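Worksheet: the structure to be examined is printed underneath.
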Amino acid sequence: MRVQAVMAGLVSAVVGYASSFTVVLAGLRAVGATPGQAASGLLALCCGIGAAALFLGLRYRMPISIAWSTPGAALLVATGPVPGGFPAAVGAFIVCAGLIVLAGLSPWPARAIAAIPRPIAGAMLAGVILSLCTAPVRAVVDIPLLAVPVVLTWAVLQRYLRKWAVPGALVVAIIAIAVHGPGTGLSGAALRPAVELTTPTLNPSVVVSIAIPLFLVTMAAQNVPGMAVMATYGYTPPLRPVLVATGLASAAAAPFGGHAVNLAAITAALTAGPDTHPDPGRRWIATVALGAGQLTLGLGAGLAMALVLLSPPVLVTAVAGLALLSALGSSLASAVTEPEGREAAVVTFVVTASGMTILSIGAAFWGLVAGGLTALLLHRPLEQQSSSTAEAGTERPEGRVAAMSADQPS
């Protein structure tokens, strides 16, 4: 049975890594990282995940899965080049890590996150990842010989073996690169893991463009859902110590290029579910195995970067987009399912997806601002709401309670 838990942890590490390392590398490169700095960032994130998972698993004897912030990496892609280059981005990573630690030490940051309406938070995330999710379509049009087999593989595995859909598509993409890529292949690539230290700089506009939205999407799209997934399997991890641990791991990884470490939201089910071990009290072994697996996978960061460099950029982005399609669907559902606040969510989505930059501040921040202002503008006075509710009779409150209950984790 212990072997079963170890295998579940290793599978979770491989699936998490293969499903989204292209997003991470694309994000780091988008904000100015060189290939060496991006590979160093990937290695640093793997080490941060490994250290946090090992500590939390051994300390609390729970399957507390840790991952990098995939939505955060997508945010970096959407943000693009920033004033001050990659050193300024690294400074923003450190500020974000400090905010995560602060959220663990004090309850008010978490309350502030909770105060953001769910439709607006979901719309911001959807706007951030939209451009990546359209990449598979662009790739099929631009490089059909390479992209069509990748997309077909993803579709077939999505139907029959869902958790392996993106890793399978990645394998097909690697084969396509090997067959159709440059004849020199990996001969000139730096395959050994290398650590590159980047001296951070603080740029106020970059802090607003990256640090604050990165903190928001990491909390709202990773840490909060991660806790909900754990709750569905009967676990209640201590959130504040988890935030402190992941925040410190993020701070340690940032100078080497890592953007954020957090609770796993998607792969958490692979380690916390009954398939991991029949005894819930022994499933923490899978988390320890996940940590060890991530440390090992980090050694391949140089190879991962080399494969990305050999690939047409649109193909790399296409694989990343396939990995984020489910996140786009859930974000859009969160944004528009409830009629109340739908207009503000749509405004948030449109502004964020526009990719505009004002005062050197990226679209994710302005999307939140626009959505918040729209919500305030369209918000009816309390007396009007009470009157409308009274006219609707008793059915509306019951429906509202049902809707609120449906939003709670089971």
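In the structure tokens, each chain is lettered A, B, ... as it comes, each chain's residues begin at 1, and ligands are numbered from 1 in order of appearance.
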Residue neighbourhood A:Ala92, 12 Å, only C-alpha atoms, exclusion window fewer than 3 positions, as a PyMOL selection string: chain A and resi 31+76+82-89+95-99+199-215+250-251+254-255+257-260
Show me, as a list of chain:residue names, the residues that have an atom within 12 Å of A:Gly341 when counting only C-alpha atoms, minus same-chain residues fewer than 5 positions from it. A:Ile116, A:Pro117, A:Arg118, A:Pro119, A:Ile120, A:Ala121, A:Gly122, A:Ala123, A:Ser334, A:Ala335, A:Val336, A:Val346, A:Val347, A:Thr348, A:Gly371, A:Gly372, A:Leu373, A:Thr374, A:Ala375, A:Leu376, A:Leu377, A:Leu378, A:His379, A:Arg380
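If you count only C-alpha atoms and ignore residues fewer than 4 places along the chain from A:Ala304, what sits within 10 Å of it is Ala18, Phe21, Thr22, Leu25, Ala39, Leu42, Leu191, Leu297, Gly298, Leu299, Gly300, Val308 and Leu309 of chain A.
Coordinates place atom CA of A:Leu290 at a distance of 11.6 Å from atom CA of A:Leu56.
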Residues of stretch 69-98 of chain A that approach stretch 263-287 of chain A to 12 Å or less, counting only C-alpha atoms: could you list each one with the shortest pair of atoms and its distance in Å to one decimal, rows by chain and increasing residue number, as a Markdown table?
| residue | atom | partner | partner_atom | distance |
| --- | --- | --- | --- | --- |
| A:Ser69 | CA | A:Ala264 | CA | 8.3 |
| A:Thr70 | CA | A:Ala264 | CA | 9.7 |
| A:Pro71 | CA | A:Ala265 | CA | 10.9 |
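Using only C-alpha atoms, the shortest contact distance between A:Val316 and any of A:Leu132, A:Leu152, A:Val350, A:Val244 is found at A:Leu132.
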DSSP on the backbone, then: every residue of stretch 51-210 of chain A marked helix (DSSP H, G or I), written as an MDAnalysis selection string. chainID A and resid 51:60 70:79 85:105 108:115 118:133 135:142 144:160 162:180 204:210
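Among the candidates A:Gly36, A:Gly367, A:Gly41, A:Pro107, the residue lying nearest to A:Arg240 is A:Pro107 (atoms considered: only C-alpha atoms).
The residue set within 6 Å of A:Gly127, counting only C-alpha atoms and dropping same-chain residues fewer than 4 places from it, reads A:Phe349, A:Thr352, A:Ala353.
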Put those residues in a file: N, CA and C atoms, as a CSV table (one decimal), in the first residue's frame.
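To be explicit, this is the file written out as again_1.csv:
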chain,number,residue,atom,x,y,z
A,349,PHE,N,-13.6,41.0,-17.9
A,349,PHE,CA,-13.1,40.1,-18.8
A,349,PHE,C,-12.6,40.8,-20.1
A,352,THR,N,-9.4,43.0,-19.3
A,352,THR,CA,-8.3,42.2,-19.1
A,352,THR,C,-7.8,41.5,-20.4
A,353,ALA,N,-8.7,41.0,-21.1
A,353,ALA,CA,-8.4,40.3,-22.4
A,353,ALA,C,-7.8,41.2,-23.4
Excluding A:Ala292 and residues on its chain fewer than 6 positions from it, collect all residues at most 10 Å away from it, counting only C-alpha atoms, and give them as an MDAnalysis selection string. chainID A and resid 6 9:10 13 46:47 49:51 53:54 286
Write a file of the just-selected residues containing N, CA and C atoms, as a PDB file, in the first residue's frame.
ATOM      1  N   VAL A   6       3.236   6.076  -2.949  1.00  0.00           N
ATOM      2  CA  VAL A   6       4.431   6.655  -3.569  1.00  0.00           C
ATOM      3  C   VAL A   6       4.201   6.845  -5.059  1.00  0.00           C
ATOM      4  N   GLY A   9       2.006   9.818  -5.759  1.00  0.00           N
ATOM      5  CA  GLY A   9       2.733  11.075  -5.634  1.00  0.00           C
ATOM      6  C   GLY A   9       3.626  11.346  -6.827  1.00  0.00           C
ATOM      7  N   LEU A  10       4.296  10.308  -7.313  1.00  0.00           N
ATOM      8  CA  LEU A  10       5.185  10.482  -8.472  1.00  0.00           C
ATOM      9  C   LEU A  10       4.380  10.803  -9.728  1.00  0.00           C
ATOM     10  N   ALA A  13       3.409  14.391  -9.603  1.00  0.00           N
ATOM     11  CA  ALA A  13       4.536  15.269  -9.939  1.00  0.00           C
ATOM     12  C   ALA A  13       4.736  15.331 -11.457  1.00  0.00           C
ATOM     13  N   CYS A  46      10.699  24.097  -9.023  1.00  0.00           N
ATOM     14  CA  CYS A  46      10.669  22.673  -8.657  1.00  0.00           C
ATOM     15  C   CYS A  46      11.264  22.460  -7.270  1.00  0.00           C
ATOM     16  N   CYS A  47      12.359  23.151  -6.984  1.00  0.00           N
ATOM     17  CA  CYS A  47      12.974  23.027  -5.657  1.00  0.00           C
ATOM     18  C   CYS A  47      12.065  23.592  -4.578  1.00  0.00           C
ATOM     19  N   ILE A  49       8.757  23.821  -4.706  1.00  0.00           N
ATOM     20  CA  ILE A  49       7.648  22.877  -4.537  1.00  0.00           C
ATOM     21  C   ILE A  49       8.093  21.674  -3.727  1.00  0.00           C
ATOM     22  N   GLY A  50       9.270  21.127  -4.078  1.00  0.00           N
ATOM     23  CA  GLY A  50       9.764  19.949  -3.363  1.00  0.00           C
ATOM     24  C   GLY A  50       9.969  20.219  -1.890  1.00  0.00           C
ATOM     25  N   ALA A  51      10.597  21.349  -1.560  1.00  0.00           N
ATOM     26  CA  ALA A  51      10.867  21.671  -0.156  1.00  0.00           C
ATOM     27  C   ALA A  51       9.574  21.886   0.620  1.00  0.00           C
ATOM     28  N   ALA A  53       6.490  20.804  -0.142  1.00  0.00           N
ATOM     29  CA  ALA A  53       5.702  19.573  -0.050  1.00  0.00           C
ATOM     30  C   ALA A  53       6.289  18.621   0.994  1.00  0.00           C
ATOM     31  N   LEU A  54       7.609  18.490   1.000  1.00  0.00           N
ATOM     32  CA  LEU A  54       8.237  17.614   1.993  1.00  0.00           C
ATOM     33  C   LEU A  54       7.981  18.118   3.407  1.00  0.00           C
ATOM     34  N   ALA A 286       2.091  10.243  -0.266  1.00  0.00           N
ATOM     35  CA  ALA A 286       2.056  10.680  -1.657  1.00  0.00           C
ATOM     36  C   ALA A 286       2.601  12.102  -1.796  1.00  0.00           C
TER      37      ALA A 286
END
Measuring between only C-alpha atoms, which one of A:Val77, A:Val23, A:Leu58, A:Val351 shows the shortest distance to A:Ser131? A:Val77
Name all residues at most 12 Å from A:Ile174 (count only C-alpha atoms; drop same-chain ones fewer than 6 positions away) and give them as a list in words. Ala18, Thr22, Leu146, Ala147, Pro149, Val150, Pro167, Gly168, His180, Gly181, Gly185, Leu186, Leu303, Ala304, Ala306, Leu307, Val308, Leu309, Leu310, Ser311, Pro312, Leu315, Val316 and Val319 of chain A
Identify which of the residues A:Gln158, A:Asn223, A:Gln294, A:Thr134 lies closest to A:Pro237, counting only C-alpha atoms when measuring atom-to-atom distances. A:Asn223
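For the pair atom CA of A:Ala228 and atom CA of A:Ser65, the separation is 12.5 Å.
The space separating atom CA of A:Gln4 from atom CA of A:Thr246 comes to 26.5 Å.
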